$ cat final.cif   # mmCIF, C-alpha atoms
data_run
loop_
_atom_site.label_atom_id
_atom_site.label_comp_id
_atom_site.auth_asym_id
_atom_site.auth_seq_id
_atom_site.Cartn_x
_atom_site.Cartn_y
_atom_site.Cartn_z
CA MET A 1 0.00 0.00 0.00
CA ILE A 2 1.33 3.45 -0.96
CA GLY A 3 0.46 6.25 1.43
CA TYR A 4 0.48 7.29 5.08
CA VAL A 5 0.63 4.56 7.70
CA ALA A 6 -0.22 5.70 11.22
CA GLY A 7 2.43 5.05 13.86
CA ARG A 8 4.46 6.49 16.72
CA SER A 9 8.00 5.93 15.43
CA ILE A 10 10.73 8.57 15.49
CA LEU A 11 9.95 9.38 11.84
CA HIS A 12 6.24 9.78 12.56
CA ARG A 13 7.08 12.21 15.36
CA ALA A 14 9.76 14.08 13.41
CA HIS A 15 9.04 17.42 11.76
CA PRO A 16 7.77 16.74 8.20
CA TYR A 17 10.59 18.87 6.74
CA THR A 18 13.17 16.57 8.39
CA THR A 19 11.62 13.40 6.91
CA LEU A 20 11.31 14.99 3.46
CA ALA A 21 14.87 16.35 3.72
CA LEU A 22 16.13 12.78 4.36
CA ALA A 23 14.29 11.48 1.27
CA GLY A 24 15.46 14.47 -0.78
CA ALA A 25 19.05 13.84 0.30
CA VAL A 26 18.77 10.22 -0.91
CA LEU A 27 17.37 11.47 -4.27
CA LEU A 28 20.14 14.04 -4.79
CA GLY A 29 22.84 11.81 -3.29
CA ALA A 30 21.88 8.91 -5.58
CA PHE A 31 22.89 10.84 -8.68
CA ALA A 32 26.25 11.72 -7.13
CA MET A 33 27.08 8.00 -6.66
CA THR A 34 28.80 6.36 -9.62
CA ARG A 35 30.10 3.03 -8.24
CA PRO A 36 28.15 -0.11 -7.29
CA LEU A 37 29.60 -0.13 -3.75
CA GLN A 38 28.61 3.51 -3.13
CA VAL A 39 25.08 2.91 -4.42
CA GLY A 40 24.86 -0.31 -2.36
CA LEU A 41 25.65 1.71 0.76
CA LEU A 42 23.00 4.25 -0.23
CA VAL A 43 20.40 1.46 -0.59
CA LEU A 44 21.39 0.22 2.89
CA GLY A 45 21.02 3.80 4.15
CA ALA A 46 17.54 4.03 2.60
CA ALA A 47 16.62 0.68 4.20
CA GLY A 48 17.88 2.00 7.56
CA PHE A 49 15.73 5.11 7.06
CA ALA A 50 12.70 2.85 6.40
CA ALA A 51 13.52 0.78 9.50
CA LEU A 52 13.43 3.96 11.62
CA GLY A 53 9.74 4.17 10.72
CA GLY A 54 9.03 0.87 12.49
CA GLY A 55 7.91 -2.56 11.26
CA ALA A 56 4.64 -1.44 9.65
CA THR A 57 6.39 1.35 7.71
CA LEU A 58 9.14 -0.99 6.58
CA ARG A 59 6.56 -3.49 5.31
CA SER A 60 4.43 -0.84 3.61
CA SER A 61 7.35 0.85 1.88
CA ALA A 62 9.79 -2.00 1.17
CA LYS A 63 7.34 -4.27 -0.69
CA PRO A 64 6.00 -1.63 -3.14
CA ALA A 65 9.54 -0.26 -3.56
CA LEU A 66 10.79 -3.69 -4.61
CA LEU A 67 7.76 -4.25 -6.88
CA LEU A 68 8.33 -0.87 -8.55
CA ALA A 69 12.08 -1.41 -8.90
CA LEU A 70 11.88 -5.01 -10.17
CA PRO A 71 10.83 -4.27 -13.80
CA ILE A 72 13.48 -1.56 -13.93
CA TRP A 73 16.15 -4.02 -12.76
CA VAL A 74 15.02 -6.51 -15.45
CA LEU A 75 15.14 -3.86 -18.20
CA LEU A 76 18.54 -2.65 -16.95
CA PHE A 77 20.01 -6.15 -17.08
CA VAL A 78 18.64 -6.66 -20.61
CA LEU A 79 19.76 -3.26 -21.93
CA HIS A 80 23.14 -3.10 -20.18
CA GLY A 81 23.92 -6.71 -19.24
CA LEU A 82 22.79 -8.62 -22.35
CA LEU A 83 23.26 -5.79 -24.87
CA GLY A 84 26.21 -4.09 -23.12
CA PRO A 85 29.78 -3.69 -24.43
CA GLU A 86 32.57 -6.30 -24.39
CA PRO A 87 34.30 -7.92 -22.45
CA ARG A 88 31.78 -10.48 -21.23
CA VAL A 89 31.65 -12.71 -18.20
CA PHE A 90 29.63 -15.86 -17.55
CA PHE A 91 26.71 -15.61 -15.14
CA GLY A 92 25.51 -19.20 -15.08
CA PRO A 93 24.47 -20.06 -18.64
CA VAL A 94 24.44 -16.45 -19.94
CA ARG A 95 27.31 -14.21 -21.03
CA LEU A 96 26.83 -10.70 -19.72
CA SER A 97 28.79 -7.50 -20.24
CA ALA A 98 31.05 -6.88 -17.23
CA ALA A 99 30.85 -3.08 -17.57
CA GLY A 100 27.13 -3.33 -18.30
CA ILE A 101 26.49 -5.26 -15.10
CA ALA A 102 28.31 -2.60 -13.06
CA THR A 103 26.22 0.11 -14.78
CA ALA A 104 22.99 -1.83 -14.17
CA LEU A 105 23.89 -2.23 -10.47
CA VAL A 106 24.50 1.52 -10.11
CA LEU A 107 21.33 2.55 -11.98
CA GLY A 108 19.08 -0.08 -10.38
CA GLY A 109 20.45 0.74 -6.93
CA ARG A 110 19.73 4.43 -7.47
CA VAL A 111 16.10 3.80 -8.39
CA THR A 112 15.63 1.36 -5.48
CA ALA A 113 17.13 3.77 -2.93
CA ILE A 114 15.09 6.75 -4.19
CA VAL A 115 11.79 4.86 -4.31
CA LEU A 116 12.36 3.28 -0.88
CA ALA A 117 13.29 6.62 0.73
CA PHE A 118 10.30 8.49 -0.68
CA LEU A 119 7.80 5.72 0.06
CA THR A 120 9.10 5.80 3.64
CA ALA A 121 8.65 9.58 3.78
CA LEU A 122 5.15 9.15 2.34
CA ALA A 123 4.32 6.43 4.89
CA THR A 124 5.50 8.47 7.87
CA THR A 125 4.40 12.01 6.98
CA ALA A 126 0.74 12.69 7.72
CA PRO A 127 -0.51 15.13 5.03
CA HIS A 128 -2.24 17.37 7.60
CA ARG A 129 1.02 17.70 9.59
CA LEU A 130 2.85 18.80 6.43
CA VAL A 131 0.14 21.39 5.73
CA GLU A 132 0.38 22.63 9.34
CA ALA A 133 4.19 22.78 9.11
CA MET A 134 3.99 24.79 5.87
CA THR A 135 1.39 27.15 7.37
CA ALA A 136 3.50 27.67 10.50
CA GLY A 137 6.55 28.21 8.29
CA GLY A 138 4.78 31.10 6.55
CA GLN A 139 4.56 29.38 3.15
CA PRO A 140 2.31 31.22 0.65
CA PHE A 141 -1.30 30.05 0.54
CA GLY A 142 -0.93 29.01 -3.12
CA ARG A 143 1.67 26.33 -2.37
CA ILE A 144 -0.38 24.88 0.48
CA PHE A 145 -3.55 24.95 -1.62
CA LEU A 146 -1.92 23.16 -4.56
CA LEU A 147 -0.44 20.52 -2.28
CA SER A 148 -3.55 19.81 -0.25
CA SER A 149 -6.40 20.31 -2.70
CA THR A 150 -5.17 18.74 -5.93
CA LEU A 151 -5.23 15.24 -4.49
CA THR A 152 -8.87 15.72 -3.48
CA VAL A 153 -9.86 16.92 -6.97
CA LEU A 154 -8.31 13.94 -8.74
CA PRO A 155 -10.84 11.26 -7.68
CA ARG A 156 -13.68 13.61 -8.72
CA MET A 157 -12.15 14.15 -12.18
CA ARG A 158 -11.48 10.42 -12.55
CA GLU A 159 -15.08 9.65 -11.65
CA ARG A 160 -16.32 12.22 -14.16
CA ALA A 161 -14.01 10.78 -16.87
CA ALA A 162 -15.46 7.31 -16.25
CA LEU A 163 -19.04 8.69 -16.45
CA ILE A 164 -18.30 10.51 -19.73
CA LEU A 165 -16.76 7.34 -21.13
CA GLU A 166 -19.92 5.36 -20.31
CA ALA A 167 -22.25 8.11 -21.60
CA GLN A 168 -20.43 8.45 -24.92
CA GLN A 169 -20.39 4.68 -25.36
CA CYS A 170 -24.17 4.68 -24.81
CA ARG A 171 -24.41 7.29 -27.60
CA GLY A 172 -22.57 4.93 -29.93
CA LEU A 173 -18.93 5.98 -29.52
CA ARG A 174 -16.67 3.06 -30.41
CA LEU A 175 -13.40 2.72 -28.51
CA GLY A 176 -11.91 -0.02 -30.70
CA GLY A 177 -10.71 -0.11 -34.29
CA SER A 178 -7.62 1.30 -35.96
CA PRO A 179 -5.26 3.64 -34.02
CA LEU A 180 -6.66 6.57 -36.05
CA ALA A 181 -10.25 5.64 -35.12
CA ARG A 182 -9.25 5.40 -31.45
CA LEU A 183 -7.46 8.75 -31.70
CA LYS A 184 -10.63 10.32 -33.11
CA ALA A 185 -12.54 9.06 -30.06
CA LEU A 186 -10.23 11.13 -27.82
CA GLY A 187 -12.03 14.41 -28.66
CA PRO A 188 -15.56 13.35 -27.58
CA LEU A 189 -14.08 12.07 -24.30
CA ALA A 190 -11.65 14.86 -23.43
CA LEU A 191 -13.82 17.82 -24.53
CA PRO A 192 -16.74 17.41 -22.08
CA LEU A 193 -14.31 16.61 -19.27
CA VAL A 194 -12.13 19.70 -19.68
CA LEU A 195 -14.85 22.15 -20.80
CA GLY A 196 -17.06 21.06 -17.88
CA ALA A 197 -14.19 21.63 -15.45
CA LEU A 198 -13.38 25.05 -16.98
CA ALA A 199 -17.01 26.12 -16.61
CA GLU A 200 -16.77 25.44 -12.86
CA VAL A 201 -13.64 27.55 -12.30
CA ASP A 202 -15.47 30.78 -11.37
CA GLU A 203 -17.71 28.93 -8.93
CA GLN A 204 -14.67 27.41 -7.21
CA VAL A 205 -12.89 30.78 -7.05
CA LEU A 206 -15.94 32.33 -5.38
CA ALA A 207 -16.19 29.45 -2.90
CA LEU A 208 -12.52 29.83 -1.96
CA ASP A 209 -12.76 33.59 -1.72
CA ALA A 210 -15.83 33.30 0.53
CA ARG A 211 -13.73 31.12 2.86
CA GLY A 212 -11.04 33.80 3.06
CA ALA A 213 -8.54 31.94 0.96
CA GLY A 214 -7.37 35.03 -0.94
CA ASP A 215 -4.16 36.78 -0.07
CA ARG A 216 -3.79 40.54 -0.56
CA ARG A 217 -0.08 40.31 -1.16
CA GLU A 218 -0.69 37.84 -3.97
CA GLY A 219 -3.47 39.90 -5.54
CA GLY A 220 -6.15 37.40 -4.58
CA GLU A 221 -9.59 38.07 -5.91
CA GLY A 222 -11.75 39.71 -3.30
CA GLY A 223 -8.74 40.02 -1.04
CA GLY A 224 -10.69 38.67 1.89
CA GLY A 225 -7.89 36.74 3.59
CA ALA A 226 -5.19 37.72 6.02
CA ALA A 227 -1.62 37.78 4.80
CA ARG A 228 -0.44 35.23 7.33
CA ARG A 229 -2.38 32.26 8.63
CA THR A 230 -2.13 30.63 12.04
CA ALA A 231 -1.49 26.92 12.26
CA LEU A 232 -3.76 25.20 14.80
CA ASP A 233 -1.40 22.43 15.83
CA PRO A 234 1.98 22.88 14.12
CA PRO A 235 4.47 19.99 14.40
CA ARG A 236 7.27 20.67 16.82
CA ASP A 237 10.63 21.51 15.32
CA SER A 238 13.88 21.39 17.28
CA THR A 239 17.44 22.62 17.00
CA ALA A 240 18.64 19.02 16.58
CA GLN A 241 16.32 18.51 13.60
CA ARG A 242 17.43 21.79 12.02
CA VAL A 243 21.04 20.66 12.44
CA VAL A 244 20.19 17.34 10.75
CA ARG A 245 18.61 19.17 7.79
CA TRP A 246 21.62 21.47 7.36
CA ALA A 247 23.99 18.51 7.75
CA LEU A 248 22.12 16.68 4.96
CA LEU A 249 22.53 19.68 2.68
CA VAL A 250 26.27 19.81 3.44
CA LEU A 251 26.57 16.04 2.83
CA VAL A 252 24.86 16.29 -0.57
CA LEU A 253 27.05 19.23 -1.61
CA ALA A 254 30.15 17.32 -0.44
CA ALA A 255 29.06 14.25 -2.45
CA TYR A 256 28.78 16.33 -5.63
CA ALA A 257 32.07 18.12 -4.94
CA TRP A 258 33.75 14.73 -4.53
CA LYS A 259 32.09 13.39 -7.69
CA PHE A 260 33.23 16.31 -9.85
CA ARG A 261 36.71 16.22 -8.33
CA SER A 262 37.11 12.51 -9.10
CA MET A 263 35.72 13.09 -12.61
CA ARG A 264 38.45 15.69 -13.23
CA GLY A 265 41.10 13.43 -11.70
CA MET B 1 -0.87 34.42 -8.38
CA THR B 2 -4.61 34.99 -8.09
CA LEU B 3 -7.09 32.47 -6.70
CA ARG B 4 -8.31 31.99 -10.26
CA ASP B 5 -4.77 31.05 -11.39
CA LEU B 6 -4.51 28.56 -8.53
CA VAL B 7 -7.83 26.92 -9.43
CA LEU B 8 -6.73 26.71 -13.08
CA ILE B 9 -3.38 25.19 -12.07
CA ARG B 10 -5.24 22.57 -10.06
CA LEU B 11 -7.43 21.89 -13.09
CA GLY B 12 -4.33 21.59 -15.32
CA VAL B 13 -2.76 19.08 -12.93
CA ALA B 14 -5.95 17.00 -12.85
CA VAL B 15 -6.17 17.08 -16.67
CA ASN B 16 -2.52 15.97 -16.94
CA LEU B 17 -3.22 12.98 -14.71
CA VAL B 18 -6.75 12.06 -15.86
CA ILE B 19 -6.24 12.28 -19.65
CA GLY B 20 -3.85 9.37 -19.15
CA GLN B 21 -6.81 7.32 -17.92
CA ILE B 22 -8.73 8.05 -21.16
CA VAL B 23 -5.68 7.33 -23.29
CA ALA B 24 -5.25 3.98 -21.53
CA ALA B 25 -8.93 3.14 -22.17
CA LEU B 26 -8.39 3.89 -25.87
CA LEU B 27 -5.18 1.80 -25.93
CA LEU B 28 -3.29 4.62 -27.64
CA PRO B 29 0.54 4.36 -27.76
CA VAL B 30 1.02 7.84 -26.22
CA TYR B 31 0.98 9.38 -22.70
CA LEU B 32 -0.55 12.86 -23.21
CA ASP B 33 0.61 13.75 -19.68
CA SER B 34 1.23 17.40 -20.54
CA VAL B 35 -2.15 18.43 -22.04
CA GLY B 36 -3.05 20.25 -18.79
CA THR B 37 0.30 22.09 -18.70
CA ILE B 38 -0.13 23.24 -22.32
CA LEU B 39 -3.74 24.28 -21.66
CA VAL B 40 -2.77 26.33 -18.59
CA ALA B 41 0.07 27.94 -20.60
CA ALA B 42 -2.45 29.05 -23.23
CA LEU B 43 -5.12 30.19 -20.74
CA VAL B 44 -3.00 31.80 -18.02
CA GLY B 45 0.73 32.09 -18.72
CA PRO B 46 4.18 30.67 -17.99
CA ARG B 47 4.25 30.84 -14.16
CA ALA B 48 0.99 28.97 -13.79
CA ALA B 49 1.97 26.45 -16.47
CA ILE B 50 5.31 25.75 -14.78
CA ALA B 51 3.50 25.25 -11.47
CA ALA B 52 0.99 22.90 -13.13
CA GLY B 53 3.80 20.89 -14.74
CA LEU B 54 5.88 20.56 -11.59
CA VAL B 55 2.92 19.73 -9.32
CA SER B 56 1.81 17.08 -11.86
CA GLN B 57 5.26 15.52 -11.80
CA VAL B 58 5.29 15.37 -7.99
CA LEU B 59 1.70 14.08 -7.71
CA ASN B 60 2.35 11.47 -10.37
CA ALA B 61 5.24 10.26 -8.22
CA VAL B 62 3.08 10.29 -5.07
CA ILE B 63 0.32 8.28 -6.80
CA SER B 64 2.54 5.79 -8.63
CA GLY B 65 5.17 5.57 -5.90
CA ASN B 66 7.95 5.98 -8.47
CA PHE B 67 9.82 9.02 -7.27
CA SER B 68 12.93 8.36 -9.33
CA TRP B 69 11.37 10.13 -12.35
CA LEU B 70 11.29 13.48 -10.47
CA PRO B 71 14.25 14.85 -12.51
CA PHE B 72 11.94 14.79 -15.56
CA GLY B 73 10.17 17.77 -13.93
CA LEU B 74 12.66 19.86 -15.90
CA VAL B 75 10.94 18.71 -19.12
CA GLN B 76 7.61 19.99 -17.75
CA VAL B 77 9.20 23.43 -17.20
CA VAL B 78 10.45 23.46 -20.81
CA ILE B 79 7.00 22.36 -22.08
CA ALA B 80 5.35 25.18 -20.09
CA LEU B 81 7.70 27.83 -21.51
CA TYR B 82 7.45 26.55 -25.09
CA ALA B 83 3.65 26.24 -24.94
CA THR B 84 3.33 29.82 -23.60
CA ALA B 85 5.50 31.13 -26.44
CA ALA B 86 3.52 29.05 -28.96
CA ALA B 87 0.21 30.37 -27.58
CA ARG B 88 1.44 33.99 -27.82
CA LEU B 89 2.47 33.38 -31.43
CA GLY B 90 -1.01 32.07 -32.20
CA ALA B 91 -0.10 28.39 -32.63
CA PHE B 92 -3.46 27.25 -31.22
CA ARG B 93 -5.58 29.31 -33.66
CA SER B 94 -5.75 26.51 -36.25
CA TYR B 95 -4.71 22.89 -36.72
CA ALA B 96 -2.39 23.99 -39.55
CA THR B 97 -0.29 25.94 -37.04
CA ALA B 98 -0.79 23.54 -34.10
CA VAL B 99 0.73 20.52 -35.89
CA PRO B 100 4.12 22.11 -36.73
CA ALA B 101 4.19 23.76 -33.27
CA GLY B 102 3.48 20.35 -31.70
CA LEU B 103 6.27 18.75 -33.74
CA GLY B 104 8.59 21.53 -32.54
CA MET B 105 7.48 20.85 -28.96
CA GLY B 106 8.25 17.16 -29.50
CA LEU B 107 11.76 18.00 -30.70
CA VAL B 108 12.42 20.34 -27.78
CA ALA B 109 10.93 17.95 -25.17
CA ALA B 110 12.91 14.98 -26.54
CA SER B 111 16.10 17.08 -26.58
CA CYS B 112 15.59 17.62 -22.83
CA SER B 113 14.32 14.20 -21.82
CA ALA B 114 16.83 12.10 -23.79
CA PRO B 115 19.93 13.39 -21.91
CA ILE B 116 18.16 12.93 -18.54
CA SER B 117 17.14 9.42 -19.55
CA TYR B 118 20.63 8.56 -20.84
CA PHE B 119 22.85 10.10 -18.17
CA LEU B 120 20.72 9.56 -15.06
CA PHE B 121 18.87 6.32 -15.86
CA GLY B 122 20.95 4.61 -18.56
CA GLY B 123 18.00 4.71 -20.96
CA VAL B 124 15.61 2.75 -18.71
CA THR B 125 12.55 4.88 -17.94
CA ALA B 126 8.85 4.44 -18.75
CA GLY B 127 7.91 1.02 -20.18
CA GLY B 128 6.98 1.90 -23.79
CA VAL B 129 9.96 4.16 -24.43
CA THR B 130 12.38 1.62 -22.94
CA VAL B 131 11.00 -1.14 -25.18
CA VAL B 132 11.75 1.05 -28.24
CA THR B 133 15.22 1.81 -26.81
CA THR B 134 15.91 -1.91 -26.27
CA VAL B 135 14.76 -2.84 -29.80
CA VAL B 136 16.94 -0.11 -31.41
CA ARG B 137 19.90 -1.16 -29.20
CA ALA B 138 19.38 -4.83 -30.14
CA LEU B 139 19.56 -3.79 -33.80
CA GLY B 140 23.12 -2.66 -33.11
CA ALA B 141 22.77 1.08 -32.49
CA PRO B 142 24.90 2.64 -29.70
CA LEU B 143 22.98 3.22 -26.45
CA GLY B 144 22.95 7.02 -26.87
CA VAL B 145 21.43 6.73 -30.36
CA ALA B 146 18.88 4.16 -29.13
CA VAL B 147 17.78 6.40 -26.22
CA ALA B 148 17.58 9.51 -28.44
CA SER B 149 15.64 7.78 -31.22
CA ALA B 150 13.12 6.34 -28.73
CA SER B 151 12.67 9.76 -27.07
CA TYR B 152 12.23 11.61 -30.37
CA ALA B 153 9.83 8.99 -31.78
CA THR B 154 7.54 9.03 -28.74
CA ASP B 155 7.74 12.79 -28.00
CA LEU B 156 7.09 13.89 -31.60
CA LEU B 157 3.87 11.85 -31.69
CA ASP B 158 2.84 12.62 -28.10
CA LYS B 159 3.34 16.40 -28.21
CA THR B 160 1.80 16.81 -31.68
CA ILE B 161 -1.37 15.04 -30.51
CA ALA B 162 -1.32 17.11 -27.28
CA PHE B 163 -1.10 20.38 -29.27
CA VAL B 164 -3.93 19.31 -31.61
CA LEU B 165 -6.07 18.31 -28.62
CA VAL B 166 -5.47 21.66 -26.86
CA THR B 167 -6.33 23.47 -30.12
CA LEU B 168 -9.58 21.47 -30.30
CA LEU B 169 -10.34 22.38 -26.66
CA LEU B 170 -9.66 26.09 -27.15
CA ARG B 171 -11.66 26.26 -30.40
CA SER B 172 -14.57 24.52 -28.67
CA LEU B 173 -14.66 26.99 -25.75
CA PRO B 174 -18.01 28.79 -25.75
CA ARG B 175 -17.55 32.56 -26.29
CA THR B 176 -18.88 33.36 -22.80
CA LEU B 177 -16.27 31.08 -21.28
CA ALA B 178 -13.42 32.19 -23.58
CA THR B 179 -13.85 35.86 -22.60
CA ARG B 180 -12.96 34.95 -19.02
CA PHE B 181 -9.38 34.17 -20.08
CA PRO B 182 -7.61 37.37 -21.12
CA ALA B 183 -4.49 35.40 -22.15
CA LEU B 184 -6.57 33.84 -24.95
CA ALA B 185 -7.29 37.27 -26.46
CA ARG B 186 -3.55 37.97 -26.67
#
$ encode --input "final.cif" --output "structure tokens"
Amino acid sequence: MIGYVAGRSILHRAHPYTTLALAGAVLLGAFAMTRPLQVGLLVLGAAGFAALGGGATLRSSAKPALLLALPIWVLLFVLHGLLGPEPRVFFGPVRLSAAGIATALVLGGRVTAIVLAFLTALATTAPHRLVEAMTAGGQPFGRIFLLSSTLTVLPRMRERAALILEAQQCRGLRLGGSPLARLKALGPLALPLVLGALAEVDEQVLALDARGAGDRREGGEGGGGAARRTALDPPRDSTAQRVVRWALLVLVLAAYAWKFRSMRG
Amino acid sequence: MTLRDLVLIRLGVAVNLVIGQIVAALLLPVYLDSVGTILVAALVGPRAAIAAGLVSQVLNAVISGNFSWLPFGLVQVVIALYATAAARLGAFRSYATAVPAGLGMGLVAASCSAPISYFLFGGVTAGGVTVVTTVVRALGAPLGVAVASASYATDLLDKTIAFVLVTLLLRSLPRTLATRFPALAR
């Protein structure tokens, strides 16, 4: 399952910025790693990060991470191992490119580490705590709105797309046939969906404005909202967590400095 | 940004993600995951389109769980800027101008996505593109050529269809609705 898993681990209690900074550091750090051993250590680091979230988090992030990474590993071994450059080495009955295998290990390890780290962050960061942290941090309303409301709009749009699909099929729209015929069916399906949503824009703007969502500094329509909002229950931040976040930034910068230095050498 | 821009960005993100559902139902060999970004570029402008593109990339990662494709967010920024310029030059006024503009978008998008795919992921990205890459590589082409040819082939088709679809949407806008978007008049 992908998503938040309730718990009381150190990651669940941490400030959302700290958890996201850890995942971000794995993402940025992964592209600074160029050797299988380095990437292997990064994967272990990502697994350690997942373990900090407790057993339930580890289960809910490790399994989907492996399922997502598996097809990529297969494609990497085909593209780089089977079709890679000479010289070749025997792996059981197959001859694989030695350099290609090393490349596949680096690339596959990167994807595994990134996916595992972010699924862990997703499993341990309650969306409402992130919204509260952003509000307390003085983030502009627009960013918070886009983060929190887009996910709620998606199921509605999906539902509407499914309804339009059924309605147009009832009116005789055929979804099969040649690629050109299927392409022509795209218009009757996409048009009502998008035009219907565009027609509702003004209504949604008014509803948001009536709730004081506008921001004078940002030129919000109606300008009914205060410039700064108050978070009801902001997550607690600490000096130690701020130090961790800065240390992660320094580590990532150091990794890139080391990478570029070794590239020049 | 105004509240109206924010609501339109949200709409653009939802279109980016939901059109994929329709495309899958039609079994079309394209993604059309930037229709919303292009639409917002034409209706609002570059800032909103960039926001729609980047939020789509992040939400796609949150929904699918595959966060390793986040670096492709750069391509969404390029799409937003190109689509804004194309809209200001009147590319969405007719299909005759939308098709070459879409082909140009495909070239630009592939020129951005191919290096990301090659250098960061060794050519292994989304399923369909990687299958094309593998076939071209198996035919004896160097990896760089295989990755580039797969990116150009898929992006040229994908972005041309996206531009034609956005043109169809804008031309179908009722006059009362169209007047609410000043960027369209420009």
$ atom_distance --input "final.cif" --atom1 "CA of Leu6 in chain B" --atom2 "CA of Gly187 in chain A"
25.7 Å
$ resolve_selection --input "final.cif" --expression "the PyMOL selection byres ((chain B) within 8 of (chain A))" --output "NGL selection string"
:B and (1-4 or 6-11 or 13-15 or 17-19 or 21-23 or 25-28 or 55 or 59 or 62-63 or 65-68 or 120-122 or 124-125 or 130 or 134 or 137-138 or 165 or 168-169 or 172-173 or 177)
$ resolve_selection --input "final.cif" --expression "the PyMOL selection byres ((chain B and resi 132) around 9)" --output "VMD selection string"
chain B and resid 127 to 131 133 to 137 146 to 147 149 to 151 153
$ resolve_selection --input "final.cif" --expression "the PyMOL selection byres ((chain A and resi 50) around 12)" --output "PyMOL selection string"
chain A and resi 9-12+19+22-23+43-49+51-63+65+113-124
$ atom_distance --input "final.cif" --atom1 "CA of Ser97 in chain A" --atom2 "CA of Gly40 in chain A"
19.7 Å
$ residues_around --input "final.cif" --residues "Leu251 in chain A" --least-positions-apart "5" --cutoff "10 Å" --atoms "all atoms listed in the file" --output "ChimeraX atom specification"
/A:25,29,245-246,256-257
$ write_last_selection --input "final.cif" --atoms "C-alpha atoms" --output "CSV table (one decimal), keeping the file's coordinate frame"
chain,number,residue,atom,x,y,z
A,25,ALA,CA,19.0,13.8,0.3
A,29,GLY,CA,22.8,11.8,-3.3
A,245,ARG,CA,18.6,19.2,7.8
A,246,TRP,CA,21.6,21.5,7.4
A,256,TYR,CA,28.8,16.3,-5.6
A,257,ALA,CA,32.1,18.1,-4.9
$ atom_distance --input "final.cif" --atom1 "CA of Tyr17 in chain A" --atom2 "CA of Val252 in chain A"
16.2 Å
$ residues_around --input "final.cif" --residues "Leu70 in chain B" --least-positions-apart "6" --cutoff "8 Å" --atoms "all atoms listed in the file" --output "PyMOL selection string"
chain B and resi 57-58+61
$ decode --input "final.cif" --residues "range 26-49 of chain A" --atoms "C-alpha atoms" --output "compact mmCIF listing (two decimals), in the first residue's frame"
# COMPACT_ATOMS: atom_id res chain seq x y z
CA VAL A 26 18.77 10.22 -0.91
CA LEU A 27 17.37 11.47 -4.27
CA LEU A 28 20.14 14.04 -4.79
CA GLY A 29 22.84 11.81 -3.29
CA ALA A 30 21.88 8.91 -5.58
CA PHE A 31 22.89 10.84 -8.68
CA ALA A 32 26.25 11.72 -7.13
CA MET A 33 27.08 8.00 -6.66
CA THR A 34 28.80 6.36 -9.62
CA ARG A 35 30.10 3.03 -8.24
CA PRO A 36 28.15 -0.11 -7.29
CA LEU A 37 29.60 -0.13 -3.75
CA GLN A 38 28.61 3.51 -3.13
CA VAL A 39 25.08 2.91 -4.42
CA GLY A 40 24.86 -0.31 -2.36
CA LEU A 41 25.65 1.71 0.76
CA LEU A 42 23.00 4.25 -0.23
CA VAL A 43 20.40 1.46 -0.59
CA LEU A 44 21.39 0.22 2.89
CA GLY A 45 21.02 3.80 4.15
CA ALA A 46 17.54 4.03 2.60
CA ALA A 47 16.62 0.68 4.20
CA GLY A 48 17.88 2.00 7.56
CA PHE A 49 15.73 5.11 7.06
